[in-house]
Every structure is written in structure tokens, then in C-alpha cells.
$ cat work-v9.txt   # compact mmCIF, C-alpha atoms and all ligand atoms
# COMPACT_ATOMS: atom_id res chain seq x y z
CA MET A 30 2.19 -104.41 56.14
CA ASN A 31 -0.97 -102.48 56.68
CA PRO A 32 -3.22 -102.29 53.60
CA ARG A 33 -3.62 -98.57 54.25
CA ASP A 34 0.06 -98.10 53.46
CA VAL A 35 -0.60 -98.78 49.82
CA ALA A 36 -3.91 -96.91 49.70
CA ASP A 37 -2.26 -93.77 50.97
CA GLU A 38 0.67 -94.17 48.62
CA ASP A 39 1.68 -90.94 46.98
CA PRO A 40 0.70 -91.26 43.30
CA ASP A 41 3.93 -89.48 42.36
CA ARG A 42 5.96 -92.22 43.95
CA LEU A 43 4.07 -94.89 41.99
CA TYR A 44 4.67 -92.85 38.85
CA THR A 45 8.39 -92.68 39.55
CA VAL A 46 8.67 -96.37 40.39
CA THR A 47 7.07 -97.43 37.12
CA GLY A 48 8.62 -94.77 34.92
CA GLY A 49 5.16 -93.49 34.15
CA ARG A 50 3.88 -96.65 32.51
CA SER A 51 0.50 -97.92 33.52
CA ARG A 52 -0.07 -101.30 31.90
CA ALA A 53 1.90 -104.51 32.13
CA ASP A 54 -0.02 -107.21 30.33
CA GLY A 55 2.97 -108.25 28.24
CA HIS A 56 3.96 -111.33 30.15
CA GLY A 57 0.52 -112.40 31.30
CA LEU A 58 1.63 -112.26 34.89
CA ASP A 59 -0.88 -113.71 37.32
CA LEU A 60 -1.13 -113.14 41.08
CA VAL A 61 0.27 -116.62 41.57
CA THR A 62 2.91 -116.59 38.84
CA LEU A 63 6.18 -117.51 40.56
CA ILE A 64 9.15 -115.26 39.87
CA VAL A 65 12.76 -116.43 40.07
CA SER A 66 15.89 -114.25 39.85
CA GLU A 67 18.26 -115.11 37.06
CA SER A 68 21.03 -112.74 38.13
CA ALA A 69 22.28 -110.74 41.07
CA PRO A 70 21.22 -107.09 41.14
CA ALA A 71 23.64 -104.95 39.12
CA ALA A 72 25.22 -101.93 40.76
CA GLY A 73 23.10 -98.84 40.25
CA SER A 74 19.84 -100.74 39.68
CA GLN A 75 16.54 -99.19 40.71
CA SER A 76 16.00 -100.00 44.39
CA GLU A 77 12.71 -101.86 43.79
CA HIS A 78 14.43 -104.03 41.20
CA VAL A 79 17.20 -104.78 43.67
CA ARG A 80 14.67 -105.81 46.31
CA ILE A 81 12.77 -108.03 43.88
CA LEU A 82 15.91 -109.80 42.71
CA ARG A 83 16.95 -110.44 46.32
CA ILE A 84 13.55 -111.78 47.37
CA CYS A 85 13.24 -113.93 44.25
CA ARG A 86 16.39 -115.93 44.92
CA ASP A 87 13.69 -118.31 46.10
CA PRO A 88 10.59 -118.61 43.89
CA THR A 89 8.14 -115.89 44.99
CA SER A 90 4.64 -115.20 43.76
CA VAL A 91 3.63 -111.86 42.30
CA VAL A 92 1.16 -111.35 45.14
CA GLU A 93 3.76 -111.99 47.84
CA LEU A 94 6.06 -109.49 46.15
CA SER A 95 3.26 -106.95 46.12
CA SER A 96 2.71 -107.44 49.84
CA GLU A 97 6.42 -107.40 50.65
CA LEU A 98 7.13 -104.25 48.61
CA ALA A 99 3.88 -102.57 49.77
CA LEU A 100 3.05 -101.74 46.16
CA PRO A 101 -0.19 -102.46 44.26
CA VAL A 102 -0.17 -105.64 42.20
CA SER A 103 -0.25 -103.78 38.87
CA VAL A 104 2.82 -101.72 39.81
CA VAL A 105 4.72 -104.87 40.72
CA LYS A 106 3.78 -106.39 37.36
CA ILE A 107 5.30 -103.40 35.57
CA LEU A 108 8.52 -103.71 37.55
CA LEU A 109 8.65 -107.45 36.81
CA THR A 110 8.09 -106.93 33.11
CA ASP A 111 11.33 -104.89 33.00
CA LEU A 112 13.25 -107.63 34.79
CA ILE A 113 11.85 -110.43 32.65
CA ASP A 114 12.37 -108.52 29.37
CA THR A 115 16.03 -108.10 30.19
CA GLY A 116 16.49 -111.70 31.35
CA ARG A 117 17.19 -110.75 34.96
CA ALA A 118 14.23 -112.75 36.20
CA SER A 119 12.02 -115.51 34.87
CA ALA A 120 8.37 -116.43 35.40
CA ARG A 121 6.80 -119.81 36.17
CA HIS A 122 3.22 -119.49 35.00
CA PRO A 123 0.29 -121.34 36.59
CA SER A 124 -0.71 -124.33 34.48
CA SER A 125 -4.42 -123.90 35.23
CA ALA A 126 -4.70 -120.16 34.62
CA GLY A 127 -6.24 -120.41 31.19
CA ASP A 128 -8.73 -123.13 32.03
CA PRO A 129 -11.76 -122.31 34.16
CA LEU A 130 -12.07 -125.94 35.23
CA PRO A 131 -8.93 -128.11 35.28
CA ASP A 132 -9.00 -131.84 34.47
CA THR A 133 -9.69 -134.45 37.14
CA GLU A 134 -6.05 -135.50 37.34
CA PHE A 135 -4.98 -131.99 38.30
CA LEU A 136 -7.78 -131.70 40.86
CA ARG A 137 -6.86 -135.05 42.37
CA LYS A 138 -3.36 -133.73 43.04
CA VAL A 139 -4.86 -130.71 44.79
CA LEU A 140 -7.01 -133.04 46.91
CA VAL A 141 -4.05 -135.20 47.87
CA GLY A 142 -2.16 -132.08 48.98
CA LEU A 143 -5.10 -130.78 51.01
CA ARG A 144 -5.73 -134.11 52.74
CA LYS A 145 -2.12 -134.13 53.92
CA LEU A 146 -2.63 -130.84 55.77
CA MET B 163 -9.60 -124.13 69.88
CA ASP B 164 -7.46 -121.65 68.03
CA SER B 165 -4.72 -122.53 65.59
CA ALA B 166 -1.27 -121.48 66.67
CA SER B 167 -1.37 -118.66 64.18
CA SER B 168 1.02 -116.38 66.02
CA ASP B 169 3.69 -119.01 65.45
CA LEU B 170 3.29 -118.88 61.69
CA PRO B 171 6.33 -117.44 59.95
CA ARG B 172 5.91 -114.23 58.04
CA ARG B 173 8.46 -115.00 55.35
CA ARG B 174 8.98 -118.61 54.53
CA PRO B 175 10.64 -119.21 51.19
CA LEU B 176 9.17 -121.75 48.82
CA ARG B 177 11.18 -124.74 47.71
CA SER B 178 13.19 -124.19 44.54
CA SER B 179 10.99 -126.80 42.80
CA ALA B 180 7.83 -124.68 43.29
CA ALA B 181 6.43 -124.06 39.83
CA ASP B 182 2.64 -124.09 39.66
CA GLY B 183 0.50 -121.57 41.53
CA VAL B 184 -3.16 -122.37 42.16
CA LYS B 185 -5.85 -119.94 43.42
CA ILE B 186 -8.87 -120.38 45.64
CA VAL B 187 -10.82 -117.31 46.74
CA ILE B 188 -12.89 -116.94 49.93
CA VAL B 189 -15.46 -114.17 49.58
CA GLY B 190 -17.78 -112.80 52.19
CA GLY B 191 -18.90 -109.74 54.08
CA PHE B 192 -16.88 -107.87 56.66
CA GLY B 193 -16.23 -109.89 59.83
CA VAL B 194 -17.55 -113.18 58.49
CA GLY B 195 -14.26 -114.97 59.19
CA LYS B 196 -12.31 -114.89 55.90
CA THR B 197 -8.99 -113.95 57.42
CA THR B 198 -9.58 -116.39 60.26
CA MET B 199 -10.11 -119.21 57.78
CA VAL B 200 -7.01 -118.30 55.76
CA ARG B 201 -4.95 -118.18 58.96
CA SER B 202 -6.24 -121.58 60.09
CA VAL B 203 -4.82 -123.42 57.09
CA SER B 204 -1.98 -121.24 55.84
CA GLU B 205 1.71 -122.11 56.22
CA ILE B 206 2.52 -118.38 56.43
CA ARG B 207 0.90 -115.67 58.49
CA PRO B 208 -1.80 -114.06 56.33
CA LEU B 209 -0.40 -111.18 54.31
CA SER B 210 -2.34 -108.37 52.76
CA THR B 211 -1.98 -106.23 49.72
CA GLU B 212 -4.14 -104.40 47.26
CA GLU B 213 -4.82 -103.59 43.67
CA VAL B 214 -5.67 -100.20 42.28
CA MET B 215 -7.50 -99.60 39.07
CA THR B 216 -7.35 -96.14 37.61
CA GLN B 217 -9.57 -95.10 34.75
CA ALA B 218 -9.33 -91.75 33.06
CA GLY B 219 -12.66 -89.98 33.38
CA ALA B 220 -14.74 -89.77 30.23
CA GLY B 221 -15.48 -86.45 28.55
CA VAL B 222 -13.92 -83.08 28.95
CA ASP B 223 -12.90 -81.87 32.35
CA HIS B 224 -14.47 -78.51 32.94
CA ASN B 225 -12.40 -77.77 35.98
CA VAL B 226 -8.92 -76.43 35.80
CA GLY B 227 -6.10 -78.89 36.33
CA ALA B 228 -5.60 -82.59 35.73
CA PRO B 229 -8.22 -84.72 33.95
CA GLU B 230 -10.62 -86.52 36.22
CA LYS B 231 -9.70 -90.02 37.26
CA THR B 232 -11.66 -92.71 39.02
CA THR B 233 -9.65 -94.97 41.25
CA THR B 234 -10.93 -98.26 42.56
CA THR B 235 -8.85 -99.79 45.32
CA VAL B 236 -9.46 -103.25 46.67
CA ALA B 237 -7.56 -104.72 49.60
CA PHE B 238 -7.38 -108.45 50.13
CA ASP B 239 -5.38 -110.88 52.20
CA PHE B 240 -3.94 -114.24 51.41
CA GLY B 241 -2.19 -117.29 52.75
CA ARG B 242 -0.32 -120.17 51.19
CA ILE B 243 -0.30 -123.98 51.25
CA SER B 244 2.44 -126.03 49.58
CA LEU B 245 0.47 -128.94 48.11
CA ASP B 246 3.47 -130.87 46.86
CA GLU B 247 6.94 -130.23 45.39
CA ARG B 248 5.53 -128.21 42.51
CA MET B 249 2.04 -127.00 43.35
CA ILE B 250 1.41 -124.05 45.64
CA LEU B 251 -2.13 -123.16 46.63
CA TYR B 252 -2.83 -119.51 47.38
CA LEU B 253 -5.95 -118.76 49.42
CA PHE B 254 -7.35 -115.28 49.03
CA GLY B 255 -9.77 -113.60 51.39
CA ALA B 256 -11.68 -110.96 49.48
CA PRO B 257 -14.57 -108.66 50.33
CA GLY B 258 -17.83 -109.35 48.52
CA GLN B 259 -18.86 -105.75 48.09
CA GLU B 260 -19.68 -104.27 44.77
CA ARG B 261 -16.49 -102.42 43.88
CA PHE B 262 -14.52 -105.58 44.40
CA TRP B 263 -16.09 -107.19 41.32
CA PHE B 264 -14.53 -104.52 39.11
CA LEU B 265 -11.25 -106.20 39.73
CA TRP B 266 -12.41 -109.81 39.66
CA ASP B 267 -11.13 -110.55 36.16
CA GLN B 268 -7.89 -108.74 36.71
CA LEU B 269 -7.16 -110.47 40.00
CA PHE B 270 -8.95 -113.77 40.13
CA ALA B 271 -9.39 -114.93 36.56
CA GLY B 272 -8.35 -118.56 36.37
CA THR B 273 -9.25 -119.20 39.99
CA LEU B 274 -9.98 -122.85 40.72
CA GLY B 275 -13.12 -122.05 42.66
CA VAL B 276 -14.65 -119.93 45.36
CA VAL B 277 -15.84 -120.44 48.92
CA VAL B 278 -18.64 -118.03 49.85
CA LEU B 279 -18.39 -117.69 53.62
CA VAL B 280 -21.64 -116.67 55.27
CA ASP B 281 -22.79 -115.62 58.71
CA THR B 282 -26.45 -116.54 59.23
CA ARG B 283 -27.07 -113.31 61.13
CA ARG B 284 -26.19 -111.37 58.00
CA LEU B 285 -27.08 -113.60 55.07
CA ALA B 286 -28.01 -110.65 52.86
CA ASP B 287 -24.32 -109.69 52.79
CA SER B 288 -23.66 -112.64 50.51
CA TRP B 289 -26.50 -112.33 48.02
CA TYR B 290 -24.56 -110.06 45.75
CA ALA B 291 -21.48 -112.31 45.67
CA ILE B 292 -23.55 -115.42 44.94
CA ASP B 293 -25.31 -113.58 42.13
CA ARG B 294 -22.08 -112.52 40.53
CA LEU B 295 -20.52 -115.97 40.77
CA GLU B 296 -23.57 -117.62 39.20
CA HIS B 297 -23.62 -115.02 36.47
CA HIS B 298 -19.90 -115.52 35.91
CA GLY B 299 -20.13 -119.31 35.85
CA THR B 300 -17.41 -119.58 38.50
CA PRO B 301 -17.77 -122.81 40.50
CA PHE B 302 -18.37 -122.21 44.21
CA ILE B 303 -19.61 -123.72 47.43
CA VAL B 304 -21.16 -121.95 50.43
CA ALA B 305 -19.75 -122.42 53.93
CA ARG B 306 -21.71 -121.26 56.94
CA ASN B 307 -19.36 -120.05 59.66
CA ARG B 308 -20.66 -121.24 63.00
CA PHE B 309 -21.12 -118.16 65.14
CA GLU B 310 -23.14 -118.62 68.35
CA PRO B 311 -26.04 -118.91 68.84
CA LEU B 312 -27.03 -121.11 65.93
CA ALA B 313 -30.41 -119.86 64.85
CA HIS B 314 -30.98 -121.70 61.59
CA ASP B 315 -30.41 -125.14 60.19
CA LEU B 316 -28.65 -125.56 56.88
CA GLY B 317 -31.91 -126.17 55.01
CA ASP B 318 -33.13 -122.72 56.08
CA VAL B 319 -29.85 -121.22 54.93
CA ARG B 320 -30.16 -122.88 51.54
CA SER B 321 -33.62 -121.47 50.93
CA ALA B 322 -32.75 -118.03 52.31
CA LEU B 323 -29.87 -117.88 49.83
CA ASP B 324 -31.98 -119.41 47.07
CA LEU B 325 -29.09 -121.78 46.33
CA SER B 326 -29.54 -124.21 43.48
CA ALA B 327 -29.40 -127.89 44.42
CA GLY B 328 -26.06 -128.34 42.69
CA VAL B 329 -24.21 -125.94 44.97
CA PRO B 330 -22.77 -127.66 48.08
CA LEU B 331 -23.53 -126.01 51.42
CA VAL B 332 -21.36 -126.94 54.41
CA ASP B 333 -20.94 -125.93 58.03
CA CYS B 334 -17.61 -124.84 59.46
CA ASP B 335 -15.75 -123.21 62.28
CA ALA B 336 -13.23 -120.99 60.53
CA ARG B 337 -11.04 -120.90 63.64
CA ARG B 338 -10.31 -124.61 63.45
CA ARG B 339 -7.74 -125.92 61.03
CA GLU B 340 -9.49 -129.27 60.51
CA SER B 341 -12.76 -127.52 59.77
CA ALA B 342 -11.25 -124.99 57.36
CA LYS B 343 -9.43 -127.85 55.64
CA GLU B 344 -12.72 -129.74 55.23
CA VAL B 345 -14.24 -126.69 53.53
CA LEU B 346 -11.41 -126.58 51.00
CA ILE B 347 -11.74 -130.31 50.38
CA ALA B 348 -15.50 -129.90 49.88
CA LEU B 349 -14.83 -127.22 47.24
CA VAL B 350 -12.22 -129.26 45.36
CA ASP B 351 -14.43 -132.39 45.59
CA HIS B 352 -17.19 -130.35 43.97
CA LEU B 353 -14.81 -129.17 41.23
CA HIS B 354 -13.71 -132.75 40.70
CA THR B 355 -17.33 -133.83 40.24
CA LEU B 356 -17.92 -131.06 37.72
CA SER B 357 -14.73 -131.89 35.86
CA ALA B 358 -15.49 -135.63 35.79
CA ALA B 359 -18.95 -134.90 34.37
CA ARG B 360 -17.36 -132.79 31.64
CA GLU B 361 -14.83 -135.52 30.82
CA ALA B 362 -17.62 -138.11 30.65
CA SER B 363 -19.77 -136.08 28.28
CA PRO B 364 -19.05 -136.68 24.58
N1 LIG A 401 -17.44 -117.30 67.51
C1 LIG A 401 -16.78 -117.33 66.36
N2 LIG A 401 -16.00 -116.25 66.05
C2 LIG A 401 -15.33 -116.26 64.86
C3 LIG A 401 -15.40 -117.36 63.98
N3 LIG A 401 -14.66 -117.08 62.88
C4 LIG A 401 -14.15 -115.86 63.08
N4 LIG A 401 -14.52 -115.36 64.26
C5 LIG A 401 -14.17 -114.04 64.81
O1 LIG A 401 -14.86 -113.05 64.07
C6 LIG A 401 -14.05 -111.90 63.89
C7 LIG A 401 -13.94 -111.51 62.42
O2 LIG A 401 -13.21 -112.51 61.72
P1 LIG A 401 -12.24 -112.14 60.46
O3 LIG A 401 -11.60 -113.40 60.06
O4 LIG A 401 -11.34 -111.00 60.77
O5 LIG A 401 -13.32 -111.68 59.38
P2 LIG A 401 -13.09 -111.13 57.89
O6 LIG A 401 -13.44 -109.68 57.93
O7 LIG A 401 -14.07 -111.89 57.06
O8 LIG A 401 -11.69 -111.39 57.49
C8 LIG A 401 -12.72 -112.20 64.53
O9 LIG A 401 -12.68 -111.60 65.81
C9 LIG A 401 -12.70 -113.73 64.65
O10 LIG A 401 -11.95 -114.16 65.76
C10 LIG A 401 -16.21 -118.51 64.36
O11 LIG A 401 -16.32 -119.50 63.65
N5 LIG A 401 -16.88 -118.42 65.56
MG MG A 402 -10.27 -109.99 56.91

$ encode --input "work-v9.txt" --output "C-alpha cells" --more "lines below"
Ligand SMILES: Nc1nc2c(ncn2[C@@H]2O[C@H](COP(=O)(O)OP(=O)(O)O)[C@@H](O)[C@H]2O)c(=O)[nH]1
Ligand SMILES: [Mg+2]
Amino acid sequence: MNPRDVADEDPDRLYTVTGGRSRADGHGLDLVTLIVSESAPAAGSQSEHVRILRICRDPTSVVELSSELALPVSVVKILLTDLIDTGRASARHPSSAGDPLPDTEFLRKVLVGLRKL
Amino acid sequence: MDSASSDLPRRRPLRSSAADGVKIVIVGGFGVGKTTMVRSVSEIRPLSTEEVMTQAGAGVDHNVGAPEKTTTTVAFDFGRISLDERMILYLFGAPGQERFWFLWDQLFAGTLGVVVLVDTRRLADSWYAIDRLEHHGTPFIVARNRFEPLAHDLGDVRSALDLSAGVPLVDCDARRRESAKEVLIALVDHLHTLSAAREASP
């Protein structure tokens, strides 16, 4: 996707997609929170919800969803909040999100992963 | 010389065991090599997206029509590295310009650390970012991307940036996977040192 696609997005479309809501802090969703579908899309679901539930058959980060749907991150978070509230999707939160500097054990695992690259 | 980036898959599902996302951010001026570095180490082709922040304007709108709104839009790109069965590292390439820092907390709070990528021909581009990171207390290292011709040695770069002794400064070629990987390892090594010092202090 081209970043311009989102920048030029018609504000009315974003309004429609989110049902007019503008904040989605409820679930503390991070860019790298991984989303997993818990059910197949029901008939008559909003098309963005259908797309999310299809993509998230495999764990998918919020930021990858944003890119895939060509919607700003905050709009995707609002859509996800609906799905999580109704049990149609679940969130795997990053373990280090709250801590500005993780412990050495965590960092050692990151190093091991990087050295294998 | 170049990584086989065109062969990278666009969509490549994560394993079902993936559970823990980790963030590292690469900041730097336009054309410094952020996307190149992400592409060199990513397991997917770099993707891009953006975040929009809309604030209702303060005060009464004297014009007819809708109330005034200020919109800040920041585009960024990212790549991904599966570190193990559970941990997935996301690498973000983000512009260092001023409006970007509006969204720092919203987007990159909880980031492990930051690589400030610099081009010695345009060092001033990175002053602002370094300032903000120091102010914020976010751990970072500086990586000098090796554009030709090389006019300065790293010592010159350190003084030009007024970097404190505790901040690692490394050389890299963002186009090479090994080199980009070494930059990430240098950052995480630095974080490890900081974390070990914290654990050792009473
Ligand atoms: N000579 C040289 N060119 C580079 C290097 N890294 C990136 N480039 C080139 O510089 C240009 C800008 O890089 P890009 O990654 O798009 O910069 P960004 O704006 O920071 O994302 C591209 O044409 C790259 O191929 C490097 O280490 N050496
Ligand atoms: Mg770029």
C-alpha cells in the first residue's frame, strides 16, 4: 500500500467505519499486540470486521492489520475493540510494553534471536 | 551487495505460537537509509502505514461551518523478525522530524530502544531526534550509515553530535544484512548493559 492512500482517506469513510467513535484505549492495544480470531465472520458483519477475522486466523499484529486494511492505526484499534469486546477476537499483549527497560533474561532472548539471523 | 529484498514475501503468516511483540525504532532524516535497513533484516517486505491524530481546535470558531481541527499524520514503515517461537521483533522506520514526536507516546511507548541512523553529510538532521530521546530517557545508539565518500571518522561524528560517552556509536552499511544485524545487536547489547547495571544496584 502507498502511505498516501491513508492520508487522502475521506474522513467520512473513517467516520462510517468506526461508527463515529474516536478513541479506543479500552484494551490497551499496542502496535505489536497480536490479534487472533476466535470465530469465523458471521453473515452480515461489517466488511472491515470480516477482513480482520480472516487475516487473524493466524496471529497478526495491530500494525500489520493497519497496513493491510490501509486504515490508520487508531481506526484499526477501534474496530478491534468491537471484536474483542464481543469475544470474536482475542489479543496477545506484549510482555515488555509496560516496562521501559526489560530484565536481562528477556534481553538475552532477543540477542539469541538476533544472532541467529 | 544488496539483500535479496525483492524475494521477500509480502504476507507471511506468523506461527500460531507467536505471542510476544517487541519494538525497536529506527529514526533518522529523509533518505538516511531507514527503509533500507529494515529491508535488510526483515522476513517480510517492508510495509507502511500511518497514524492520524486529530485534535479539536481550542476556542470558538469564528468561521461558519465545522469547528476547526488540527490533524497530525505520520507515516512510517516496518518489518518483522521472528526471534523464536513466541517473540516477534517489529522494526519501525520513522522520520525524525518534529511533528513525528507528537505521536511518539501513542505509537512507540514501550519500545525496547532506538537506533538513530545518521548520514555524516547531514548530521544536523538528527540533532532534534537525539535531543528528544535524551529528554525522554529512551535508550538509544547512533549508527552512521556509510555513504561515500567518507569524510569524517567516528570521533568527529561523536563530537559533532555532542553524544555523551555512554551512548554507543557504530558504523554500518544499511544495505547489508550482516551490518544491519550488527547494529541491532549493538543496541540490544547496550540495553543489556543498562539492565544489568539496574539489576546490580541495590
Ligand atoms: N551508498 C549507499 N546508499 C545507501 C545506503 N543506505 C541506503 N542507501 C540508498 O539511499 C537511498 C535512501 O534510502 P532509504 O532507505 O529509502 O532512506 P529512508 O528515507 O531513511 O527510508 C536509497 O536509494 C538507498 O538505496 C548506504 O549505506 N550506502
Ligand atoms: Mg523510508

$ interface_residues --input "work-v9.txt" --of "chain B" --to "chain A" --cutoff "9 Å" --atoms "only C-alpha atoms" --output "PyMOL selection string"
chain B and resi 175-185+203+209-215+235-240+243-246+249-252+268-275+300-301+339-340+343-344+346-347+350-351+353-358+360-361

$ write_last_selection --input "work-v9.txt" --atoms "C-alpha atoms" --output "PDB file, in the coordinates of the input"
ATOM      1  CA  PRO B 175      10.640-119.210  51.190  1.00  0.00           C
ATOM      2  CA  LEU B 176       9.170-121.750  48.820  1.00  0.00           C
ATOM      3  CA  ARG B 177      11.180-124.740  47.710  1.00  0.00           C
ATOM      4  CA  SER B 178      13.190-124.190  44.540  1.00  0.00           C
ATOM      5  CA  SER B 179      10.990-126.800  42.800  1.00  0.00           C
ATOM      6  CA  ALA B 180       7.830-124.680  43.290  1.00  0.00           C
ATOM      7  CA  ALA B 181       6.430-124.060  39.830  1.00  0.00           C
ATOM      8  CA  ASP B 182       2.640-124.090  39.660  1.00  0.00           C
ATOM      9  CA  GLY B 183       0.500-121.570  41.530  1.00  0.00           C
ATOM     10  CA  VAL B 184      -3.160-122.370  42.160  1.00  0.00           C
ATOM     11  CA  LYS B 185      -5.850-119.940  43.420  1.00  0.00           C
ATOM     12  CA  VAL B 203      -4.820-123.420  57.090  1.00  0.00           C
ATOM     13  CA  LEU B 209      -0.400-111.180  54.310  1.00  0.00           C
ATOM     14  CA  SER B 210      -2.340-108.370  52.760  1.00  0.00           C
ATOM     15  CA  THR B 211      -1.980-106.230  49.720  1.00  0.00           C
ATOM     16  CA  GLU B 212      -4.140-104.400  47.260  1.00  0.00           C
ATOM     17  CA  GLU B 213      -4.820-103.590  43.670  1.00  0.00           C
ATOM     18  CA  VAL B 214      -5.670-100.200  42.280  1.00  0.00           C
ATOM     19  CA  MET B 215      -7.500 -99.600  39.070  1.00  0.00           C
ATOM     20  CA  THR B 235      -8.850 -99.790  45.320  1.00  0.00           C
ATOM     21  CA  VAL B 236      -9.460-103.250  46.670  1.00  0.00           C
ATOM     22  CA  ALA B 237      -7.560-104.720  49.600  1.00  0.00           C
ATOM     23  CA  PHE B 238      -7.380-108.450  50.130  1.00  0.00           C
ATOM     24  CA  ASP B 239      -5.380-110.880  52.200  1.00  0.00           C
ATOM     25  CA  PHE B 240      -3.940-114.240  51.410  1.00  0.00           C
ATOM     26  CA  ILE B 243      -0.300-123.980  51.250  1.00  0.00           C
ATOM     27  CA  SER B 244       2.440-126.030  49.580  1.00  0.00           C
ATOM     28  CA  LEU B 245       0.470-128.940  48.110  1.00  0.00           C
ATOM     29  CA  ASP B 246       3.470-130.870  46.860  1.00  0.00           C
ATOM     30  CA  MET B 249       2.040-127.000  43.350  1.00  0.00           C
ATOM     31  CA  ILE B 250       1.410-124.050  45.640  1.00  0.00           C
ATOM     32  CA  LEU B 251      -2.130-123.160  46.630  1.00  0.00           C
ATOM     33  CA  TYR B 252      -2.830-119.510  47.380  1.00  0.00           C
ATOM     34  CA  GLN B 268      -7.890-108.740  36.710  1.00  0.00           C
ATOM     35  CA  LEU B 269      -7.160-110.470  40.000  1.00  0.00           C
ATOM     36  CA  PHE B 270      -8.950-113.770  40.130  1.00  0.00           C
ATOM     37  CA  ALA B 271      -9.390-114.930  36.560  1.00  0.00           C
ATOM     38  CA  GLY B 272      -8.350-118.560  36.370  1.00  0.00           C
ATOM     39  CA  THR B 273      -9.250-119.200  39.990  1.00  0.00           C
ATOM     40  CA  LEU B 274      -9.980-122.850  40.720  1.00  0.00           C
ATOM     41  CA  GLY B 275     -13.120-122.050  42.660  1.00  0.00           C
ATOM     42  CA  THR B 300     -17.410-119.580  38.500  1.00  0.00           C
ATOM     43  CA  PRO B 301     -17.770-122.810  40.500  1.00  0.00           C
ATOM     44  CA  ARG B 339      -7.740-125.920  61.030  1.00  0.00           C
ATOM     45  CA  GLU B 340      -9.490-129.270  60.510  1.00  0.00           C
ATOM     46  CA  LYS B 343      -9.430-127.850  55.640  1.00  0.00           C
ATOM     47  CA  GLU B 344     -12.720-129.740  55.230  1.00  0.00           C
ATOM     48  CA  LEU B 346     -11.410-126.580  51.000  1.00  0.00           C
ATOM     49  CA  ILE B 347     -11.740-130.310  50.380  1.00  0.00           C
ATOM     50  CA  VAL B 350     -12.220-129.260  45.360  1.00  0.00           C
ATOM     51  CA  ASP B 351     -14.430-132.390  45.590  1.00  0.00           C
ATOM     52  CA  LEU B 353     -14.810-129.170  41.230  1.00  0.00           C
ATOM     53  CA  HIS B 354     -13.710-132.750  40.700  1.00  0.00           C
ATOM     54  CA  THR B 355     -17.330-133.830  40.240  1.00  0.00           C
ATOM     55  CA  LEU B 356     -17.920-131.060  37.720  1.00  0.00           C
ATOM     56  CA  SER B 357     -14.730-131.890  35.860  1.00  0.00           C
ATOM     57  CA  ALA B 358     -15.490-135.630  35.790  1.00  0.00           C
ATOM     58  CA  ARG B 360     -17.360-132.790  31.640  1.00  0.00           C
ATOM     59  CA  GLU B 361     -14.830-135.520  30.820  1.00  0.00           C
TER      60      GLU B 361
END

$ residues_near_ligand --input "work-v9.txt" --ligand "ligand MG 402 (chain A)" --cutoff "7 Å" --atoms "only C-alpha atoms and all ligand atoms" --output "list of chain:residue names"
B:Phe192, B:Gly193, B:Gly195, B:Lys196, B:Thr197, B:Asp239, B:Gly255

$ closest_residue --input "work-v9.txt" --among "B:Cys334, B:Ala362, B:Val278, B:Ala322" --to "ligand LIG 401 (chain A)" --atoms "all atoms listed in the file"
B:Cys334

$ residues_near_ligand --input "work-v9.txt" --ligand "ligand LIG 401 (chain A)" --cutoff "12 Å" --atoms "only C-alpha atoms and all ligand atoms" --output "PyMOL selection string"
chain B and resi 163-165+167+188-202+208-210+237-240+254-259+277-282+287-288+305-312+333-339+341-342

$ atom_distance --input "work-v9.txt" --atom1 "atom CA of Ser74 of chain A" --atom2 "atom CA of Val91 of chain A"
19.8 Å

$ atom_distance --input "work-v9.txt" --atom1 "atom CA of Thr115 of chain A" --atom2 "atom CA of Ile81 of chain A"
14.1 Å

$ closest_residue --input "work-v9.txt" --among "B:Ser204, B:Val329, B:Thr234, B:Ile303" --to "Leu349 of chain B" --atoms "only C-alpha atoms"
B:Ile303

$ atom_distance --input "work-v9.txt" --atom1 "atom CA of Glu205 of chain B" --atom2 "atom CA of Arg83 of chain A"
21.6 Å

$ decode --input "work-v9.txt" --residues "segment 111-122 of chain A" --atoms "N, CA and C atoms" --output "PDB file, in the first residue's frame"
ATOM      1  N   ASP A 111     -14.238  -3.582  19.176  1.00  0.00           N
ATOM      2  CA  ASP A 111     -15.559  -4.210  18.961  1.00  0.00           C
ATOM      3  C   ASP A 111     -15.434  -5.728  18.935  1.00  0.00           C
ATOM      4  N   LEU A 112     -14.459  -6.218  18.194  1.00  0.00           N
ATOM      5  CA  LEU A 112     -14.308  -7.668  18.026  1.00  0.00           C
ATOM      6  C   LEU A 112     -13.894  -8.340  19.333  1.00  0.00           C
ATOM      7  N   ILE A 113     -13.038  -7.663  20.088  1.00  0.00           N
ATOM      8  CA  ILE A 113     -12.559  -8.254  21.342  1.00  0.00           C
ATOM      9  C   ILE A 113     -13.667  -8.214  22.399  1.00  0.00           C
ATOM     10  N   ASP A 114     -14.395  -7.097  22.455  1.00  0.00           N
ATOM     11  CA  ASP A 114     -15.498  -6.958  23.419  1.00  0.00           C
ATOM     12  C   ASP A 114     -16.550  -8.041  23.243  1.00  0.00           C
ATOM     13  N   THR A 115     -16.741  -8.464  22.008  1.00  0.00           N
ATOM     14  CA  THR A 115     -17.783  -9.455  21.740  1.00  0.00           C
ATOM     15  C   THR A 115     -17.208 -10.864  21.633  1.00  0.00           C
ATOM     16  N   GLY A 116     -15.932 -11.023  21.987  1.00  0.00           N
ATOM     17  CA  GLY A 116     -15.324 -12.347  22.026  1.00  0.00           C
ATOM     18  C   GLY A 116     -15.003 -12.939  20.671  1.00  0.00           C
ATOM     19  N   ARG A 117     -15.100 -12.120  19.606  1.00  0.00           N
ATOM     20  CA  ARG A 117     -14.821 -12.665  18.273  1.00  0.00           C
ATOM     21  C   ARG A 117     -13.333 -12.700  17.958  1.00  0.00           C
ATOM     22  N   ALA A 118     -12.568 -11.959  18.739  1.00  0.00           N
ATOM     23  CA  ALA A 118     -11.107 -11.978  18.574  1.00  0.00           C
ATOM     24  C   ALA A 118     -10.474 -11.822  19.943  1.00  0.00           C
ATOM     25  N   SER A 119      -9.220 -12.256  20.049  1.00  0.00           N
ATOM     26  CA  SER A 119      -8.516 -12.049  21.317  1.00  0.00           C
ATOM     27  C   SER A 119      -7.161 -11.392  21.047  1.00  0.00           C
ATOM     28  N   ALA A 120      -6.589 -10.820  22.108  1.00  0.00           N
ATOM     29  CA  ALA A 120      -5.347 -10.059  21.979  1.00  0.00           C
ATOM     30  C   ALA A 120      -4.239 -10.708  22.800  1.00  0.00           C
ATOM     31  N   ARG A 121      -3.064 -10.831  22.215  1.00  0.00           N
ATOM     32  CA  ARG A 121      -1.862 -11.267  22.949  1.00  0.00           C
ATOM     33  C   ARG A 121      -0.975 -10.046  23.136  1.00  0.00           C
ATOM     34  N   HIS A 122      -0.944  -9.562  24.362  1.00  0.00           N
ATOM     35  CA  HIS A 122      -0.256  -8.294  24.633  1.00  0.00           C
ATOM     36  C   HIS A 122       1.248  -8.488  24.804  1.00  0.00           C
TER      37      HIS A 122
END
